[in-house]
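**Student:** Next comes start-v2.txt, compact mmCIF, C-alpha atoms:
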# COMPACT_ATOMS: atom_id res chain seq x y z
CA MET E 1 -23.75 19.74 0.32
CA VAL E 2 -24.23 18.33 -3.19
CA GLU E 3 -20.70 19.33 -4.17
CA THR E 4 -19.27 17.91 -0.94
CA ALA E 5 -21.12 14.63 -1.37
CA SER E 6 -20.07 14.44 -5.01
CA THR E 7 -16.39 14.95 -4.21
CA ALA E 8 -16.59 12.43 -1.37
CA LYS E 9 -18.13 9.86 -3.71
CA ILE E 10 -15.33 10.44 -6.26
CA ALA E 11 -12.77 9.80 -3.52
CA GLU E 12 -14.56 6.64 -2.42
CA ASN E 13 -14.87 5.29 -5.95
CA LYS E 14 -11.24 6.03 -6.79
CA SER E 15 -10.08 4.41 -3.57
CA LYS E 16 -12.09 1.28 -4.36
CA GLU E 17 -10.82 1.15 -7.96
CA MET E 18 -7.22 1.52 -6.90
CA LEU E 19 -7.29 -0.98 -4.04
CA SER E 20 -9.23 -3.49 -6.17
CA PHE E 21 -6.25 -3.55 -8.53
CA PHE E 22 -4.09 -4.52 -5.54
CA LYS E 23 -6.60 -7.31 -4.83
CA TRP E 24 -8.20 -5.81 -1.73
CA LYS E 25 -11.85 -6.73 -1.21
CA THR E 26 -14.34 -3.86 -1.33
CA TYR E 27 -17.91 -3.73 -0.03
CA PRO E 28 -21.26 -2.41 -1.36
CA GLU E 29 -22.18 1.28 -1.08
CA LEU E 30 -24.86 0.28 1.42
CA LEU E 31 -22.06 -0.36 3.94
CA GLU E 32 -20.28 2.97 3.41
CA ASN E 33 -20.56 6.14 5.52
CA ARG E 34 -22.19 4.53 8.53
CA ASP E 35 -21.98 4.99 12.28
CA TYR E 36 -21.51 2.13 14.73
CA LEU E 37 -22.52 2.21 18.37
CA CYS E 38 -19.63 2.63 20.80
CA GLN E 39 -18.95 -0.39 23.00
CA ASP E 40 -16.99 1.54 25.66
CA ILE E 41 -18.70 4.91 26.11
CA GLU E 42 -17.09 5.68 29.48
CA ARG E 43 -13.64 5.46 27.93
CA HIS E 44 -14.35 6.92 24.49
CA PHE E 45 -17.13 9.51 24.96
CA LEU E 46 -17.07 10.38 28.65
CA GLU E 47 -17.28 14.17 28.11
CA THR E 48 -19.68 14.23 25.14
CA ASP E 49 -23.23 13.18 24.33
CA TYR E 50 -22.14 11.29 21.23
CA ASP E 51 -22.07 7.48 21.37
CA LYS E 52 -21.15 6.33 17.86
CA HIS E 53 -17.99 5.85 15.80
CA PRO E 54 -18.00 7.08 12.17
CA LEU E 55 -16.98 4.82 9.30
CA ASP E 56 -16.21 5.83 5.73
CA MET E 57 -15.39 2.48 4.15
CA VAL E 58 -14.11 -1.01 4.90
CA PHE E 59 -11.55 -2.95 2.88
CA SER E 60 -10.22 -6.42 3.59
CA TYR E 61 -7.89 -9.12 2.34
CA ILE E 62 -6.63 -12.54 3.38
CA HIS E 63 -3.01 -12.29 4.49
CA PRO E 64 -0.72 -14.45 2.30
CA TYR E 65 1.31 -15.78 5.24
CA THR E 66 -1.15 -16.04 8.13
CA GLY E 67 -4.30 -16.89 6.17
CA LYS E 68 -6.15 -14.49 8.48
CA THR E 69 -8.70 -11.98 7.15
CA ILE E 70 -7.56 -8.40 7.81
CA PHE E 71 -10.31 -5.76 7.89
CA PHE E 72 -9.43 -2.08 7.44
CA TYR E 73 -11.77 0.34 9.19
CA SER E 74 -11.02 3.27 6.90
CA ASP E 75 -11.17 7.04 7.24
CA LEU E 76 -10.78 9.07 4.01
CA LYS E 77 -9.44 12.55 4.64
CA SER E 78 -8.66 15.41 2.27
CA TYR E 79 -5.24 17.01 2.56
CA THR E 80 -3.12 19.82 1.15
CA ALA E 81 0.57 20.37 1.70
CA ALA E 82 -0.18 23.40 3.90
CA SER E 83 -3.14 22.06 5.86
CA ILE E 84 -1.71 19.05 7.70
CA SER E 85 -1.07 19.64 11.40
CA PRO E 86 -0.14 17.41 14.36
CA SER E 87 -3.34 18.27 16.26
CA ARG E 88 -5.65 17.35 13.37
CA LEU E 89 -3.74 14.19 12.59
CA ARG E 90 -3.68 13.24 16.29
CA GLU E 91 -7.46 13.69 16.50
CA THR E 92 -8.03 11.50 13.44
CA LEU E 93 -5.72 8.72 14.63
CA ASN E 94 -7.35 8.87 18.07
CA SER E 95 -10.77 8.38 16.51
CA LEU E 96 -9.57 5.42 14.45
CA GLY E 97 -7.98 3.78 17.48
CA LYS E 98 -11.26 3.98 19.40
CA SER E 99 -13.29 2.83 16.40
CA ILE E 100 -11.34 -0.37 15.78
CA ALA E 101 -11.37 -1.23 19.48
CA CYS E 102 -15.18 -1.18 19.40
CA ALA E 103 -15.61 -2.81 15.98
CA ARG E 104 -14.35 -6.12 17.31
CA ASP E 105 -17.18 -6.24 19.88
CA ASN E 106 -19.94 -4.61 17.83
CA GLU E 107 -22.42 -7.28 16.72
CA GLN E 108 -23.81 -5.18 13.86
CA TRP E 109 -20.33 -4.50 12.50
CA ARG E 110 -19.53 -8.21 12.58
CA ILE E 111 -22.78 -9.02 10.77
CA ASP E 112 -22.11 -6.37 8.11
CA PHE E 113 -18.50 -7.27 7.33
CA SER E 114 -17.65 -10.64 8.80
CA ASP E 115 -19.95 -12.97 10.69
CA PRO E 116 -21.34 -13.08 14.22
CA GLU E 117 -18.46 -15.32 15.32
CA TYR E 118 -15.94 -12.80 13.94
CA LEU E 119 -12.88 -14.55 12.59
CA GLY E 120 -10.32 -11.92 11.64
CA GLU E 121 -8.45 -8.81 12.68
CA VAL E 122 -9.61 -5.19 12.53
CA ARG E 123 -7.07 -2.48 11.76
CA GLY E 124 -7.45 1.23 11.24
CA LEU E 125 -6.55 2.87 7.94
CA LEU E 126 -6.15 6.61 7.45
CA PHE E 127 -6.32 7.33 3.73
CA LEU E 128 -4.93 10.83 3.16
CA LEU E 129 -6.15 12.13 -0.17
CA ASN E 130 -4.43 15.02 -1.91
CA HIS E 131 -6.10 17.64 -4.09
CA ASP E 132 -3.33 20.19 -4.68
CA GLY E 133 -0.76 17.89 -6.31
CA ASP E 134 2.03 18.93 -3.91
CA TYR E 135 3.93 15.80 -2.91
CA SER E 136 7.27 17.39 -2.06
CA SER E 137 7.53 15.33 1.14
CA ASP E 138 5.63 12.68 3.02
CA VAL E 139 3.46 13.55 6.01
CA LEU E 140 5.58 11.78 8.60
CA SER E 141 8.64 13.83 7.63
CA LYS E 142 6.80 16.91 8.95
CA LEU E 143 5.90 15.27 12.24
CA ASN E 144 7.76 13.76 15.14
CA VAL E 145 6.04 10.47 15.97
CA VAL E 146 7.40 8.98 19.18
CA ALA E 147 6.48 5.89 21.18
CA LYS E 148 6.27 7.87 24.43
CA PHE E 149 6.22 11.59 25.21
CA GLU E 150 9.20 12.67 27.32
CA LYS E 151 8.79 16.14 28.86
CA GLU E 152 12.49 16.91 29.04
CA ILE E 153 13.06 15.94 25.42
CA HIS E 154 9.83 17.01 23.67
CA ARG E 155 8.47 19.93 25.71
CA ASN E 156 9.39 22.54 23.05
CA THR E 157 8.48 20.40 20.05
CA SER E 158 5.02 21.31 18.77
CA SER E 159 4.87 18.56 16.15
CA VAL E 160 5.20 15.60 18.50
CA ILE E 161 2.60 12.83 18.25
CA SER E 162 2.92 10.30 21.05
CA VAL E 163 1.73 6.82 20.12
CA GLU E 164 0.94 5.95 23.74
CA ASN E 165 -1.68 8.73 23.82
CA LEU E 166 -3.55 7.69 20.68
CA HIS E 167 -5.98 5.25 22.35
CA ILE E 168 -4.70 2.35 20.24
CA ASP E 169 -5.07 -0.84 22.26
CA ALA E 170 -2.20 -3.27 22.65
CA GLY E 171 -1.94 -5.61 19.69
CA GLN E 172 -3.89 -3.32 17.37
CA PHE E 173 -2.67 -1.43 14.32
CA VAL E 174 -3.56 1.87 12.69
CA HIS E 175 -1.97 2.34 9.27
CA MET E 176 -1.63 5.55 7.30
CA MET E 177 -1.48 5.84 3.53
CA ASP E 178 -0.13 9.33 3.06
CA PRO E 179 -0.07 11.05 -0.36
CA THR E 180 3.37 9.68 -1.30
CA VAL E 181 2.09 6.12 -0.85
CA ILE E 182 -1.05 6.93 -2.84
CA VAL E 183 1.05 8.47 -5.64
CA TYR E 184 3.12 5.27 -5.70
CA MET E 185 0.01 3.08 -5.88
CA GLN E 186 -1.72 5.22 -8.50
CA THR E 187 1.45 5.30 -10.61
CA ILE E 188 1.79 1.51 -10.48
CA ARG E 189 -1.80 1.11 -11.61
CA GLU E 190 -1.42 3.59 -14.46
CA ASP E 191 1.93 2.09 -15.48
CA ILE E 192 0.35 -1.35 -15.79
CA LYS E 193 -2.38 0.21 -17.94
CA ARG E 194 0.27 1.67 -20.26
CA LEU E 195 2.16 -1.62 -20.43
CA ARG E 196 -1.07 -3.40 -21.32
CA GLY E 197 -1.80 -0.77 -23.97
CA SER E 198 1.55 -1.55 -25.59
CA SER E 199 1.01 -5.33 -25.22
CA LYS E 200 3.82 -5.73 -22.69
CA PHE E 201 1.66 -7.03 -19.85
CA PRO E 202 -1.34 -9.39 -20.04
CA MET E 203 -4.92 -8.28 -19.52
CA GLY E 204 -7.13 -9.72 -16.77
CA SER E 205 -6.83 -9.97 -12.99
CA LYS E 206 -6.22 -13.73 -13.16
CA ASN E 207 -3.05 -13.30 -15.21
CA TYR E 208 -1.00 -11.39 -12.62
CA TYR E 209 -0.17 -11.88 -8.96
CA PHE E 210 1.75 -10.28 -6.12
CA PHE E 211 4.85 -12.27 -5.29
CA TYR E 212 5.55 -13.51 -1.77
CA PRO E 213 8.48 -15.87 -1.21
CA ASN E 214 8.32 -18.81 1.15
CA LEU E 215 10.47 -17.75 4.10
CA GLU E 216 12.33 -19.79 6.70
CA ILE E 217 9.59 -19.26 9.29
CA HIS E 218 6.55 -18.21 7.23
CA ARG E 219 5.05 -20.10 4.30
CA THR E 220 2.39 -18.72 2.00
CA GLN E 221 -1.17 -20.00 2.31
CA GLY E 222 -3.88 -20.10 -0.32
CA GLU E 223 -3.84 -19.55 -4.07
CA GLU E 224 -1.07 -17.31 -5.36
CA VAL E 225 -3.32 -15.57 -7.90
CA ASN E 226 -5.48 -14.24 -5.05
CA PHE E 227 -2.66 -12.83 -2.93
CA PRO E 228 -3.13 -9.11 -2.26
CA ALA E 229 -0.50 -6.42 -2.05
CA THR E 230 -0.52 -6.13 1.75
CA ILE E 231 -0.39 -2.80 3.56
CA GLU E 232 3.18 -3.60 4.64
CA THR E 233 4.20 -4.26 1.04
CA LEU E 234 2.53 -1.11 -0.30
CA CYS E 235 4.31 1.02 2.30
CA GLY E 236 7.61 -0.84 1.92
CA PRO E 237 10.62 -0.18 -0.34
CA TYR E 238 9.49 -2.41 -3.22
CA LEU E 239 6.58 -4.45 -4.55
CA ILE E 240 6.85 -7.44 -6.87
CA ILE E 241 4.24 -8.29 -9.50
CA GLY E 242 4.46 -11.49 -11.51
CA ASN E 243 2.55 -12.55 -14.59
CA TYR E 244 1.72 -16.04 -15.76
CA LEU E 245 2.44 -17.60 -19.12
CA THR E 246 -0.53 -16.70 -21.28
CA GLU E 247 -1.58 -16.03 -24.83
CA GLN E 248 -4.03 -13.27 -25.76
CA GLN E 249 -5.51 -11.92 -28.94
CA ASP E 250 -3.59 -9.07 -30.55
CA PRO E 251 -5.84 -5.99 -30.13
CA GLU E 252 -4.66 -4.65 -33.49
CA ASP E 253 -4.97 -7.90 -35.44
CA SER E 254 -7.62 -10.43 -34.44
CA ASP E 255 -5.87 -13.14 -36.45
CA LYS E 256 -2.74 -12.92 -34.29
CA THR E 257 -2.01 -13.83 -30.71
CA ILE E 258 0.52 -12.34 -28.32
CA LYS E 259 2.45 -14.66 -26.02
CA PHE E 260 3.42 -13.37 -22.58
CA PRO E 261 6.20 -15.40 -20.95
CA PRO E 262 6.24 -15.56 -17.14
CA SER E 263 8.16 -12.58 -15.78
CA PHE E 264 8.37 -10.10 -12.91
CA ILE E 265 8.12 -6.36 -12.38
CA VAL E 266 9.74 -4.91 -9.26
CA TYR E 267 8.34 -1.47 -8.42
CA TYR E 268 11.02 0.31 -6.41
CA ARG E 269 10.31 3.26 -4.09
CA LEU E 270 13.76 4.39 -2.92
CA SER E 271 15.84 7.18 -4.45
CA GLY E 272 18.69 5.07 -5.87
CA GLU E 273 21.29 7.24 -4.19
CA THR E 274 23.81 4.45 -3.61
CA GLN E 275 25.09 1.35 -5.31
CA ASP E 276 24.72 -0.58 -2.07
CA GLU E 277 20.93 -0.18 -1.94
CA PHE E 278 20.64 -1.82 -5.35
CA LEU E 279 23.13 -4.51 -4.38
CA PHE E 280 20.90 -5.27 -1.39
CA LEU E 281 17.82 -5.39 -3.65
CA ILE E 282 19.48 -7.77 -6.11
CA ASP E 283 20.66 -9.98 -3.26
CA GLN E 284 17.08 -10.11 -1.93
CA LEU E 285 15.72 -11.14 -5.34
CA ALA E 286 18.38 -13.86 -5.53
CA ARG E 287 17.44 -15.12 -2.07
CA PHE E 288 13.84 -15.37 -3.30
CA GLN E 289 15.17 -17.56 -6.18
CA MET E 290 13.69 -15.19 -8.72
CA PHE E 291 16.57 -15.60 -11.18
CA ASN E 292 15.86 -19.31 -11.55
CA ASN E 293 14.42 -20.48 -14.87
CA LYS E 294 15.82 -17.32 -16.52
CA LYS E 295 12.65 -15.32 -15.97
CA LEU E 296 12.96 -11.68 -17.03
CA ILE E 297 12.83 -9.11 -14.22
CA ASN E 298 12.27 -5.40 -14.79
CA VAL E 299 12.99 -3.01 -11.91
CA ARG E 300 10.84 0.10 -12.38
CA GLN E 301 11.67 3.01 -10.09
CA ILE E 302 8.90 5.28 -8.79
CA HIS E 303 10.23 8.20 -6.77
CA LEU E 304 9.36 11.88 -6.46
CA ASN E 305 13.02 12.90 -6.69
CA PRO E 306 15.11 9.98 -7.98
CA HIS E 307 18.85 10.37 -7.64
CA GLN E 308 20.56 11.49 -10.83
CA ASN E 309 22.88 8.47 -10.68
CA ALA E 310 20.18 5.91 -9.88
CA GLU E 311 20.47 4.02 -13.17
CA VAL E 312 24.29 4.09 -13.05
CA ASN E 313 24.20 2.80 -9.47
CA PHE E 314 21.85 -0.01 -10.48
CA ASN E 315 24.05 -1.10 -13.40
CA ASN E 316 27.18 -0.98 -11.23
CA ALA E 317 25.44 -3.05 -8.56
CA LEU E 318 24.43 -5.65 -11.14
CA GLN E 319 27.99 -5.89 -12.43
CA GLU E 320 29.32 -6.17 -8.88
CA TYR E 321 26.85 -8.91 -7.99
CA ASN E 322 27.78 -10.95 -11.05
CA ARG E 323 31.49 -10.42 -10.31
CA ILE E 324 31.11 -11.69 -6.75
CA TRP E 325 28.97 -14.72 -7.55
CA SER E 326 30.32 -15.73 -10.96
CA VAL E 327 31.31 -19.41 -11.16
CA ASN E 328 33.64 -20.61 -13.91
CA GLY E 329 32.92 -17.49 -15.89
CA LEU E 330 29.15 -17.98 -15.73
CA ASP E 331 27.18 -15.06 -14.30
CA PRO E 332 24.27 -15.88 -11.97
CA ILE E 333 22.18 -13.19 -13.69
CA GLY E 334 22.08 -13.52 -17.46
CA GLN E 335 22.48 -10.71 -19.94
CA ASN E 336 19.31 -8.59 -20.15
CA GLN E 337 17.61 -10.80 -17.56
CA LEU E 338 17.51 -7.96 -15.04
CA THR E 339 16.76 -4.46 -16.37
CA PHE E 340 16.04 -1.02 -14.95
CA ASN E 341 13.64 1.78 -15.89
CA GLN E 342 12.52 5.00 -14.26
CA ILE E 343 8.88 6.07 -14.47
CA PRO E 344 8.98 9.83 -15.03
CA ASN E 345 5.27 10.69 -15.05
CA LEU E 346 3.93 10.17 -11.55
CA GLU E 347 0.17 10.24 -10.94
CA LYS E 348 0.22 13.17 -8.52
CA LYS E 349 -3.41 14.25 -8.44
CA PHE E 350 -5.97 12.04 -6.75
CA LEU E 351 -8.73 14.62 -6.23
CA SER E 352 -9.59 17.75 -8.19
CA ALA E 353 -11.22 19.40 -5.15
CA PRO E 354 -11.10 18.99 -1.38
CA LEU E 355 -13.39 16.92 0.77
CA ASN E 356 -15.12 19.56 2.89
CA GLY E 357 -16.50 19.44 6.40
CA ALA E 358 -15.32 16.82 8.86
CA ARG E 359 -13.62 14.91 6.07
CA HIS E 360 -11.06 17.65 5.48
CA LEU E 361 -7.74 17.86 7.34
Would it be possible to restate this file's structure as structure tokens?

**Tutor:**
Amino acid sequence: MVETASTAKIAENKSKEMLSFFKWKTYPELLENRDYLCQDIERHFLETDYDKHPLDMVFSYIHPYTGKTIFFYSDLKSYTAASISPSRLRETLNSLGKSIACARDNEQWRIDFSDPEYLGEVRGLLFLLNHDGDYSSDVLSKLNVVAKFEKEIHRNTSSVISVENLHIDAGQFVHMMDPTVIVYMQTIREDIKRLRGSSKFPMGSKNYYFFYPNLEIHRTQGEEVNFPATIETLCGPYLIIGNYLTEQQDPEDSDKTIKFPPSFIVYYRLSGETQDEFLFLIDQLARFQMFNNKKLINVRQIHLNPHQNAEVNFNNALQEYNRIWSVNGLDPIGQNQLTFNQIPNLEKKFLSAPLNGARHL
């Protein structure tokens, strides 16, 4: 039990460290690994004597567009490439769906994480931790997740997970961070550390932010520096980090200062297989007005198996974009304003040993 508890605590601490970098709020250890009384026993525990929902951890953030606090009722599970199965995953997602349905109405949960009036939204989060370093494919690629089970179509398919049978109430969400997402997040965090070590990115959480454009329908709310990387952004095709103009002491010479001009890093998750995908990305950045004021933008690709022509496709897309939108010989994107790098060393190992017992998939 000591070894199991120790490994579990490592997973919890690493999860908190990583998500803190992405500006998610974490909570004291006192509020970890607790059980909360079920609010609908007849529906959730009809055939058992148990009456509580387990909780590993809670994270939260204020959504940049809605201004609403999003709470993540989180389940940390250990995973190897060979151990994942539809039945185990279905059981875990089922449990999360029931847990978040009850959390909204559980007075003690509201006191612990929100307030008795409860102003916010509770979502489920399955955090799949890897300890064998095998990230050859994401979890969903091995499973067939469908909105509704159709006997004639799915009767001979053992890997089907039907969303309608997961006990997730209408209007609620259960998210899954599988190992490929966690590799992506860990690699971003470690890459920023390396950039800071080479004085290419400023130190301090108040000197960087996650970029969200003002859209036609949605406008951002709150202070930009506090915006988190939302779950949708972390699981999406790219994530944009900006840094503010700042000056900091040179770590190698206390008499010198290093000036960091405002700039952007775009962490890109796709393979780079086609020129068109990069042309779409560049067009999106232009729509967000990110090329205004000549700010430097560095696209940094993080992918398990990047296409061999990814960099060529990016450069061709940049040339094509400038050709299309050039006015009187002036390119909309200046020379060296938009650059591309691949990050070869992915952070593939989150745990050195599995989480045993009920916490192991």

**Student:** Skipping near chain neighbours, those fewer than 6 positions away, what residues fall within 7 Å of Phe264 in chain E using all atoms listed in the file, listed as a list in words?

**Tutor:**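 My list of contacting residues is Ile240, Ile241, Gly242, Asn243, Leu296, Ile297 and Asn298 of chain E.
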
**Student:** In terms of the shortest atom-to-atom distance over all atoms listed in the file, which of E:Gln337, E:Asp178, E:Glu107, E:Tyr238 is closest to Ser78 in chain E?

**Tutor:** E:Asp178

**Student:** Which is closest to Leu55 in chain E among E:Gly124, E:Pro261, E:Gly197, E:Pro86, if we use all atoms listed in the file?

**Tutor:**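 Ranked by minimum distance to Leu55 in chain E, first place goes to E:Gly124.
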
**Student:** Build an axis-aligned box that encloses every atom of range 52-68 of chain E listed in the file, pad it by 3 Å on each side, and report its centre and edge lengths in Å to one decimal, as lines of an AutoDock Vina configuration file.

**Tutor:**
center_x = -9.9
center_y = -4.9
center_z = 10.1
size_x = 28.5
size_y = 30.0
size_z = 21.6

**Student:** With distances taken over only C-alpha atoms, which of E:Asp169, E:Glu273, E:Asp49, E:Glu347 is nearest to Gln308 in chain E?

**Tutor:**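 Using only C-alpha atoms, Gln308 in chain E sits closest to E:Glu273.
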
**Student:** Between CA of Tyr65 in chain E and CA of Phe291 in chain E, measure the distance and give it in Å to one decimal.

**Tutor:**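 So the answer is 22.4 Å.
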
**Student:** Can you tell me which residues surround Arg300 in chain E at a distance of at most 12 Å, considering all atoms listed in the file, apart from same-chain residues fewer than 6 positions away, and format the answer as an MDAnalysis selection string?

**Tutor:** chainID E and resid 184 187:188 191:192 195 238:241 264:272 306 310:311 314 338:344

**Student:** Please provide as a PyMOL selection string all residues within 10 Å of range 61-64 of chain E, with the sequence filter that same-chain residues fewer than 4 positions apart are discarded (counting all atoms listed in the file).

**Tutor:** chain E and resi 22-26+68-72+120+210-213+218-224+226-231

**Student:** Just the selected residues (C-alpha atoms), exported as an mmCIF file, in the coordinates of the input, please.

**Tutor:**
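And here's result09.cif as it stands now:
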data_model
loop_
_atom_site.group_PDB
_atom_site.id
_atom_site.type_symbol
_atom_site.label_atom_id
_atom_site.label_comp_id
_atom_site.auth_asym_id
_atom_site.auth_seq_id
_atom_site.Cartn_x
_atom_site.Cartn_y
_atom_site.Cartn_z
ATOM 1 C CA PHE E 22 -4.090 -4.520 -5.540
ATOM 2 C CA LYS E 23 -6.600 -7.310 -4.830
ATOM 3 C CA TRP E 24 -8.200 -5.810 -1.730
ATOM 4 C CA LYS E 25 -11.850 -6.730 -1.210
ATOM 5 C CA THR E 26 -14.340 -3.860 -1.330
ATOM 6 C CA LYS E 68 -6.150 -14.490 8.480
ATOM 7 C CA THR E 69 -8.700 -11.980 7.150
ATOM 8 C CA ILE E 70 -7.560 -8.400 7.810
ATOM 9 C CA PHE E 71 -10.310 -5.760 7.890
ATOM 10 C CA PHE E 72 -9.430 -2.080 7.440
ATOM 11 C CA GLY E 120 -10.320 -11.920 11.640
ATOM 12 C CA PHE E 210 1.750 -10.280 -6.120
ATOM 13 C CA PHE E 211 4.850 -12.270 -5.290
ATOM 14 C CA TYR E 212 5.550 -13.510 -1.770
ATOM 15 C CA PRO E 213 8.480 -15.870 -1.210
ATOM 16 C CA HIS E 218 6.550 -18.210 7.230
ATOM 17 C CA ARG E 219 5.050 -20.100 4.300
ATOM 18 C CA THR E 220 2.390 -18.720 2.000
ATOM 19 C CA GLN E 221 -1.170 -20.000 2.310
ATOM 20 C CA GLY E 222 -3.880 -20.100 -0.320
ATOM 21 C CA GLU E 223 -3.840 -19.550 -4.070
ATOM 22 C CA GLU E 224 -1.070 -17.310 -5.360
ATOM 23 C CA ASN E 226 -5.480 -14.240 -5.050
ATOM 24 C CA PHE E 227 -2.660 -12.830 -2.930
ATOM 25 C CA PRO E 228 -3.130 -9.110 -2.260
ATOM 26 C CA ALA E 229 -0.500 -6.420 -2.050
ATOM 27 C CA THR E 230 -0.520 -6.130 1.750
ATOM 28 C CA ILE E 231 -0.390 -2.800 3.560
#

**Student:** Can you patch up range 341-348 of chain E, filling it in to all heavy atoms, and show the result as a PDB file, in the coordinates of the input?

**Tutor:**
ATOM      1  N   ASN E 341      14.290   0.611 -15.269  1.00  0.00           N
ATOM      2  CA  ASN E 341      13.640   1.780 -15.890  1.00  0.00           C
ATOM      3  C   ASN E 341      13.166   2.732 -14.803  1.00  0.00           C
ATOM      4  O   ASN E 341      12.828   2.305 -13.696  1.00  0.00           O
ATOM      5  CB  ASN E 341      12.430   1.367 -16.733  1.00  0.00           C
ATOM      6  CG  ASN E 341      12.803   0.563 -17.957  1.00  0.00           C
ATOM      7  OD1 ASN E 341      12.701  -0.660 -17.950  1.00  0.00           O
ATOM      8  ND2 ASN E 341      13.236   1.234 -18.999  1.00  0.00           N
ATOM      9  N   GLN E 342      13.130   4.008 -15.132  1.00  0.00           N
ATOM     10  CA  GLN E 342      12.520   5.000 -14.260  1.00  0.00           C
ATOM     11  C   GLN E 342      11.187   5.429 -14.860  1.00  0.00           C
ATOM     12  O   GLN E 342      11.080   5.590 -16.075  1.00  0.00           O
ATOM     13  CB  GLN E 342      13.427   6.214 -14.082  1.00  0.00           C
ATOM     14  CG  GLN E 342      14.673   5.930 -13.242  1.00  0.00           C
ATOM     15  CD  GLN E 342      15.557   7.156 -13.106  1.00  0.00           C
ATOM     16  OE1 GLN E 342      15.689   7.934 -14.049  1.00  0.00           O
ATOM     17  NE2 GLN E 342      16.170   7.337 -11.949  1.00  0.00           N
ATOM     18  N   ILE E 343      10.184   5.608 -14.009  1.00  0.00           N
ATOM     19  CA  ILE E 343       8.880   6.070 -14.470  1.00  0.00           C
ATOM     20  C   ILE E 343       8.801   7.570 -14.198  1.00  0.00           C
ATOM     21  O   ILE E 343       8.695   7.988 -13.047  1.00  0.00           O
ATOM     22  CB  ILE E 343       7.747   5.322 -13.744  1.00  0.00           C
ATOM     23  CG1 ILE E 343       7.872   3.814 -14.008  1.00  0.00           C
ATOM     24  CG2 ILE E 343       6.382   5.826 -14.213  1.00  0.00           C
ATOM     25  CD1 ILE E 343       6.859   2.981 -13.288  1.00  0.00           C
ATOM     26  N   PRO E 344       8.882   8.386 -15.234  1.00  0.00           N
ATOM     27  CA  PRO E 344       8.980   9.830 -15.030  1.00  0.00           C
ATOM     28  C   PRO E 344       7.659  10.527 -14.718  1.00  0.00           C
ATOM     29  O   PRO E 344       7.641  11.551 -14.047  1.00  0.00           O
ATOM     30  CB  PRO E 344       9.547  10.332 -16.365  1.00  0.00           C
ATOM     31  CG  PRO E 344       9.042   9.334 -17.376  1.00  0.00           C
ATOM     32  CD  PRO E 344       8.987   8.007 -16.655  1.00  0.00           C
ATOM     33  N   ASN E 345       6.557   9.998 -15.190  1.00  0.00           N
ATOM     34  CA  ASN E 345       5.270  10.690 -15.050  1.00  0.00           C
ATOM     35  C   ASN E 345       4.463  10.091 -13.903  1.00  0.00           C
ATOM     36  O   ASN E 345       3.710   9.136 -14.078  1.00  0.00           O
ATOM     37  CB  ASN E 345       4.476  10.601 -16.357  1.00  0.00           C
ATOM     38  CG  ASN E 345       5.211  11.247 -17.515  1.00  0.00           C
ATOM     39  OD1 ASN E 345       5.780  12.322 -17.367  1.00  0.00           O
ATOM     40  ND2 ASN E 345       5.213  10.583 -18.657  1.00  0.00           N
ATOM     41  N   LEU E 346       4.638  10.664 -12.720  1.00  0.00           N
ATOM     42  CA  LEU E 346       3.930  10.170 -11.550  1.00  0.00           C
ATOM     43  C   LEU E 346       2.498  10.697 -11.532  1.00  0.00           C
ATOM     44  O   LEU E 346       2.240  11.828 -11.951  1.00  0.00           O
ATOM     45  CB  LEU E 346       4.649  10.582 -10.267  1.00  0.00           C
ATOM     46  CG  LEU E 346       5.777   9.653  -9.798  1.00  0.00           C
ATOM     47  CD1 LEU E 346       6.863   9.548 -10.845  1.00  0.00           C
ATOM     48  CD2 LEU E 346       6.358  10.122  -8.478  1.00  0.00           C
ATOM     49  N   GLU E 347       1.580   9.855 -11.043  1.00  0.00           N
ATOM     50  CA  GLU E 347       0.170  10.240 -10.940  1.00  0.00           C
ATOM     51  C   GLU E 347      -0.017  11.027  -9.646  1.00  0.00           C
ATOM     52  O   GLU E 347      -0.324  10.477  -8.594  1.00  0.00           O
ATOM     53  CB  GLU E 347      -0.708   8.982 -10.958  1.00  0.00           C
ATOM     54  CG  GLU E 347      -0.573   8.145 -12.209  1.00  0.00           C
ATOM     55  CD  GLU E 347      -1.047   8.905 -13.450  1.00  0.00           C
ATOM     56  OE1 GLU E 347      -2.058   9.623 -13.347  1.00  0.00           O
ATOM     57  OE2 GLU E 347      -0.408   8.776 -14.502  1.00  0.00           O
ATOM     58  N   LYS E 348       0.149  12.347  -9.724  1.00  0.00           N
ATOM     59  CA  LYS E 348       0.220  13.170  -8.520  1.00  0.00           C
ATOM     60  C   LYS E 348      -1.119  13.702  -8.029  1.00  0.00           C
ATOM     61  O   LYS E 348      -1.205  14.217  -6.928  1.00  0.00           O
ATOM     62  CB  LYS E 348       1.170  14.349  -8.748  1.00  0.00           C
ATOM     63  CG  LYS E 348       2.625  13.938  -8.939  1.00  0.00           C
ATOM     64  CD  LYS E 348       3.513  15.170  -9.030  1.00  0.00           C
ATOM     65  CE  LYS E 348       4.966  14.770  -9.167  1.00  0.00           C
ATOM     66  NZ  LYS E 348       5.856  15.947  -9.216  1.00  0.00           N
TER      67      LYS E 348
END
